[in-house]
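Undergrad: Right, I'll just put the structure down here and ask away after.
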Amino acid sequence: MKRTGYLYDDRYQDHDTGSEHPESADRLATIHANLRSAGLLDWLIPIRATRADIRWLHAVHPPHYIRRFEEVCLSGNSCFDFPDNQMCVSTYDTAFLAVGGVIETARRIMADEMDNAFCAIRPPGHHAEADLAMGFCYFNNVAIAARYLQQAHGIQRVAIIDIDVHHGNGTQHIFEDDPTVFYYSIHEHPSFSFPGSGRDFERGTGPGEGFTKNSLVLPGQGDDTYKTLIQQDLLPAMEMFKPEFILVSCGFDAHEADDMADIELSRDGYIWVMKTILQLADQYTHSRIISVLEGGYCLEWLGKLAVDHVRVLLEG
C-alpha cells in the first residue's frame, strides 16, 4: 500500500463560473463525496491548500500577466481573456490556492511524507500559457510545480504526462525549448477545434527538440488505441528521458460518457492508463508522482473515475 496524499480544500469551490459552465464547483463536490462513500478518505493523507508564494508563479508567468489577472478579477469582470474563462472576485485567490496546494504536495513528497498524491483542485491549468488564460485555466499548475521541483529541490528531469482529452497547449508552449522537462500528451485530434494544437510533428524547439511528444487519438477510438499509443510512444520516451519526478495532468474527459469530446475510453481503460503511469514512476522516480485534476465534466462518472484513480495510487 502506497502512502497517498489527497489535496482537497472547500475554498476551491469559491471560484464561481456560473450556473451553466461545465467547469463548476460541483466537480470537486462529487469527487469528494465519492471518495468518502468508497471509504477511501481514511486511507489518504490529507493535504490542505496554502497560498502560493508569488515567486513560484514568476517562474512560469510574467509579473505583468499576474497583475493583469488580479486587476481584471478584482474589478468584478465575469471573464478573462476569452469568454469561456468565467470568473468571480474570488477566482484570483482560488487560483493562488490551487498552485499553492500542488506546491505543498510536492514539498511533502520530497520530504518523504508520502509516495504519491491526487490533487483535486480548481481552476485547472494545462491550457494556461505564460501570459494568456485559455480553456478555463489561469495559472499553469503543473508547469509551476515542475519549476518548483527543479529550483527548490534540485530535480533535474521532470516528466509531465497529460491524459486530458484536450491538448495542454499551455504546458507544451512553456517547456517546448527546455530539455529538462519532457511533455507527453495523448488527446483527441481533430476535436472540437480546441485548442487546435498538439500535432504529432510538434517535437519541441531548439535545445528542447525531442522532448515533446503528442499521441493523437481519432474521434470514436478508445481503449485499444490508448494502449497501442502509450506503449508505442510514452514508454520509449520515458526510457530515453529517465524522469526523476512525474506530474500527471489528469483529465477524466476522455471517458466515453463525457460530452466534451468524442473519445471512447472506458472505466477499465482509465485504470490501465494510470497503472501504466504508476509503473513508470516505480521504475524511474522512486514512485514519486503527483496527479493534478484538469478536465472531466460528466458528473455521473467523474466521482467514480476519481475513486478508481485514487485506488490505483494507493495500491501502486
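Lettering and numbering for the C-alpha cells are positional, with chains as A, B, ... in the shown order, residues counted from 1 in each chain, and ligands counted from 1 in the shown order.
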For segment 213-316 of chain A versus segment 128-145 of chain A, which residues have an atom no more than 10 Å away, and what is each residue's nearest atom pair and distance in Å rounded to one decimal, using only C-alpha atoms, chain-then-number order, as a tab-separated table?
TA:
residue	atom	partner	partner_atom	distance
A:Leu247	CA	A:Val142	CA	6.7
A:Val248	CA	A:Val142	CA	7.8
A:Ser249	CA	A:Val142	CA	7.0
A:Ile290	CA	A:Val142	CA	9.2
A:Ser291	CA	A:Val142	CA	9.1
A:Val292	CA	A:Val142	CA	7.3
A:Leu293	CA	A:Asn141	CA	9.6
A:Glu294	CA	A:Cys137	CA	9.0
A:Gly295	CA	A:Phe136	CA	9.4
Undergrad: List as JSON lines every residue of segment 174-203 of chain A that is in contact with segment 149-163 of chain A, defined as an atom at most 6 Å from one of its atoms (using only C-alpha atoms), together with the nearest atom pair and the distance in Å rounded to one decimal, sorted by chain and then rising number.
TA:
{"residue": "A:Thr180", "atom": "CA", "partner": "A:Arg157", "partner_atom": "CA", "distance": 4.9}
{"residue": "A:Val181", "atom": "CA", "partner": "A:Val158", "partner_atom": "CA", "distance": 4.9}
{"residue": "A:Phe182", "atom": "CA", "partner": "A:Ala159", "partner_atom": "CA", "distance": 4.7}
{"residue": "A:Tyr183", "atom": "CA", "partner": "A:Ile160", "partner_atom": "CA", "distance": 5.0}
{"residue": "A:Tyr184", "atom": "CA", "partner": "A:Ile161", "partner_atom": "CA", "distance": 5.0}
{"residue": "A:Ser185", "atom": "CA", "partner": "A:Asp162", "partner_atom": "CA", "distance": 4.6}
{"residue": "A:Ile186", "atom": "CA", "partner": "A:Ile163", "partner_atom": "CA", "distance": 5.6}
Undergrad: Quick one: contact table of segment 49-153 of chain A to segment 8-11 of chain A, 7 Å max, nearest atom pair and distance in Å to one decimal per residue, counting only C-alpha atoms, chain and number order, as CSV?
TA:
residue,atom,partner,partner_atom,distance
A:Ala49,CA,A:Asp9,CA,6.1
A:Thr94,CA,A:Arg11,CA,6.9
A:Cys119,CA,A:Tyr8,CA,6.6
A:Ala120,CA,A:Tyr8,CA,5.4
A:Ile121,CA,A:Tyr8,CA,6.6
Undergrad: Any idea what's packed within 6 Å of Ala52 of chain A, counting only C-alpha atoms, ignoring anything in its chain fewer than 6 positions away? Could you give it as a list in words?
TA: Phe96, Val99 and Gly100 of chain A
Undergrad: Just all heavy atoms for this one: save the residues we selected as a JSON list (two decimals), in the first residue's frame.
TA:
[["chain", "number", "residue", "atom", "x", "y", "z"],
["A", 96, "PHE", "N", -4.48, 31.05, -6.73],
["A", 96, "PHE", "CA", -3.27, 31.01, -5.92],
["A", 96, "PHE", "C", -3.29, 29.80, -4.97],
["A", 96, "PHE", "O", -2.25, 29.18, -4.71],
["A", 96, "PHE", "CB", -3.13, 32.30, -5.11],
["A", 96, "PHE", "CG", -2.20, 33.30, -5.72],
["A", 96, "PHE", "CD1", -2.65, 34.14, -6.73],
["A", 96, "PHE", "CD2", -0.89, 33.40, -5.30],
["A", 96, "PHE", "CE1", -1.80, 35.08, -7.30],
["A", 96, "PHE", "CE2", -0.03, 34.34, -5.87],
["A", 96, "PHE", "CZ", -0.49, 35.18, -6.87],
["A", 99, "VAL", "N", -2.43, 26.57, -7.07],
["A", 99, "VAL", "CA", -0.98, 26.44, -7.26],
["A", 99, "VAL", "C", -0.30, 26.09, -5.94],
["A", 99, "VAL", "O", 0.53, 25.17, -5.87],
["A", 99, "VAL", "CB", -0.39, 27.76, -7.81],
["A", 99, "VAL", "CG1", 1.13, 27.68, -7.84],
["A", 99, "VAL", "CG2", -0.92, 28.04, -9.20],
["A", 100, "GLY", "N", -0.67, 26.80, -4.88],
["A", 100, "GLY", "CA", -0.04, 26.56, -3.59],
["A", 100, "GLY", "C", -0.27, 25.16, -3.06],
["A", 100, "GLY", "O", 0.62, 24.56, -2.45]]
Undergrad: Taking the backbone alone, and naming residues the way the document does, which bits of segment 26-236 of chain A are alpha helix (DSSP H) by DSSP, as a PyMOL selection string?
TA: chain A and resi 26-37+54-58+63-74+91-110+141-153+169-175+223-229+235-236
Undergrad: So that each row is one residue of segment 25-71 of chain A with an atom at most 9 Å from segment 87-93 of chain A, can you give its shortest atom pair and the distance in Å to one decimal, using only C-alpha atoms, rows by chain and rising number, as a tab-separated table?
TA:
residue	atom	partner	partner_atom	distance
A:Arg51	CA	A:Asp93	CA	7.9
A:Phe69	CA	A:Tyr92	CA	7.1
A:Glu70	CA	A:Tyr92	CA	6.0
Undergrad: Next, the residues of the selection above should be written as a CSV table (one decimal), in the first residue's frame with all heavy atoms.
TA:
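Output file result_16.csv is given in full below:
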chain,number,residue,atom,x,y,z
A,51,ARG,N,-1.7,29.3,0.2
A,51,ARG,CA,-1.5,30.3,-0.9
A,51,ARG,C,-0.1,30.2,-1.4
A,51,ARG,O,0.9,30.2,-0.6
A,51,ARG,CB,-1.8,31.7,-0.4
A,51,ARG,CG,-1.7,32.7,-1.5
A,51,ARG,CD,-2.1,34.1,-0.9
A,51,ARG,NE,-1.9,35.2,-1.9
A,51,ARG,CZ,-2.9,35.5,-2.7
A,51,ARG,NH1,-4.1,34.9,-2.7
A,51,ARG,NH2,-2.7,36.5,-3.6
A,69,PHE,N,-4.3,39.8,-14.4
A,69,PHE,CA,-5.3,38.8,-13.9
A,69,PHE,C,-5.9,39.4,-12.6
A,69,PHE,O,-7.2,39.4,-12.5
A,69,PHE,CB,-4.7,37.5,-13.7
A,69,PHE,CG,-5.6,36.4,-13.2
A,69,PHE,CD1,-6.9,36.4,-13.4
A,69,PHE,CD2,-5.0,35.4,-12.4
A,69,PHE,CE1,-7.7,35.4,-12.9
A,69,PHE,CE2,-5.8,34.4,-11.9
A,69,PHE,CZ,-7.2,34.4,-12.1
A,70,GLU,N,-5.1,39.8,-11.7
A,70,GLU,CA,-5.7,40.3,-10.5
A,70,GLU,C,-6.6,41.5,-10.7
A,70,GLU,O,-7.7,41.6,-10.1
A,70,GLU,CB,-4.5,40.7,-9.5
A,70,GLU,CG,-5.0,41.3,-8.2
A,70,GLU,CD,-3.8,41.7,-7.3
A,70,GLU,OE1,-2.7,42.0,-7.8
A,70,GLU,OE2,-4.0,41.7,-6.1
